[in-house]
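Asker: Handing you a structure now.
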Amino acid sequence: MAIALQASIPGAAGSQSNLVPHRFRDGFFRVQREGDDISCIHVEDLRSVCRYLHKGYQLAMSAADGHSMPSWLPAEQVRIAVR
């Protein structure tokens, strides 16, 4: 079973930017609760990321090509697909 997380956000001129979870250099994904002062939580696998999304955490996501800086997206904007 594979889990895919993706989000599309409209950009300038109506173009869509496809985003995927950003894996940082240390190999972890990052989640954080909006408005919390605590630093973000390091998450190792996408299944755990999904659990945090269901709890209302934000996820650091970036363009699929990996060249953009990560940005925080709320759970409502992230689509979860299980294959």
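Naming scheme: A, B, ... for chains in displayed order of the structure tokens; residues 1 onward per chain; ligands 1 onward as shown.
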Quick one: residues within 6 Å of Ala75 in chain A, only C-alpha atoms counted, chain neighbours fewer than 3 positions away excluded, as a list in words?
Answerer: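 Near Ala75 in chain A, the qualifying residues are Leu53, Gln58 and Val78 of chain A.
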Asker: Please provide the set of residues having any atom within 7 Å of Arg79 in chain A, restricted to only C-alpha atoms, with same-chain residues fewer than 3 positions apart removed, written as a ChimeraX atom specification.
Answerer: /A:5-7
Asker: Of the candidates A:Ser71, A:Ala60, A:His54, A:Ile9, which one gets nearest to Val31 in chain A if we count only C-alpha atoms?
Answerer: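 For Val31 in chain A, the nearest of the given residues is A:Ala60.
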Asker: Can you list every residue in range 2-83 of chain A that DSSP puts in strand (DSSP E), as a PyMOL selection string?
Answerer: chain A and resi 3-10+16-21+29-33+41-43+57-63+71-73+79-82
Asker: Quick one, how far is CA of Gly56 in chain A from CA of Val20 in chain A?
Answerer: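 Rounded to one decimal, the two atoms are 17.6 Å apart.
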Asker: Run DSSP on the backbone and grab whatever in chain A lands in alpha helix (DSSP H); send it over as a list in words.
Answerer: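 These are the residues in question: Leu46, Arg47, Ser48, Val49, Cys50, Arg51, Tyr52, Leu53 and His54 of chain A.
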Asker: Can you pull out every residue within 9 Å of Phe28 in chain A, counting only C-alpha atoms, but drop anything in the same chain fewer than 5 positions away, and send it as an NGL selection string?
Answerer: :A and (22-23 or 42-45)
Asker: Would you work out the distance separating CA of Met69 in chain A from CA of Asn18 in chain A, expressed in Å to one decimal?
Answerer: 13.3 Å
Asker: To one decimal place, how far is CA of Ile80 in chain A from CA of Ser17 in chain A in Å?
Answerer: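 For CA of Ile80 in chain A relative to CA of Ser17 in chain A, the distance reads 16.7 Å.
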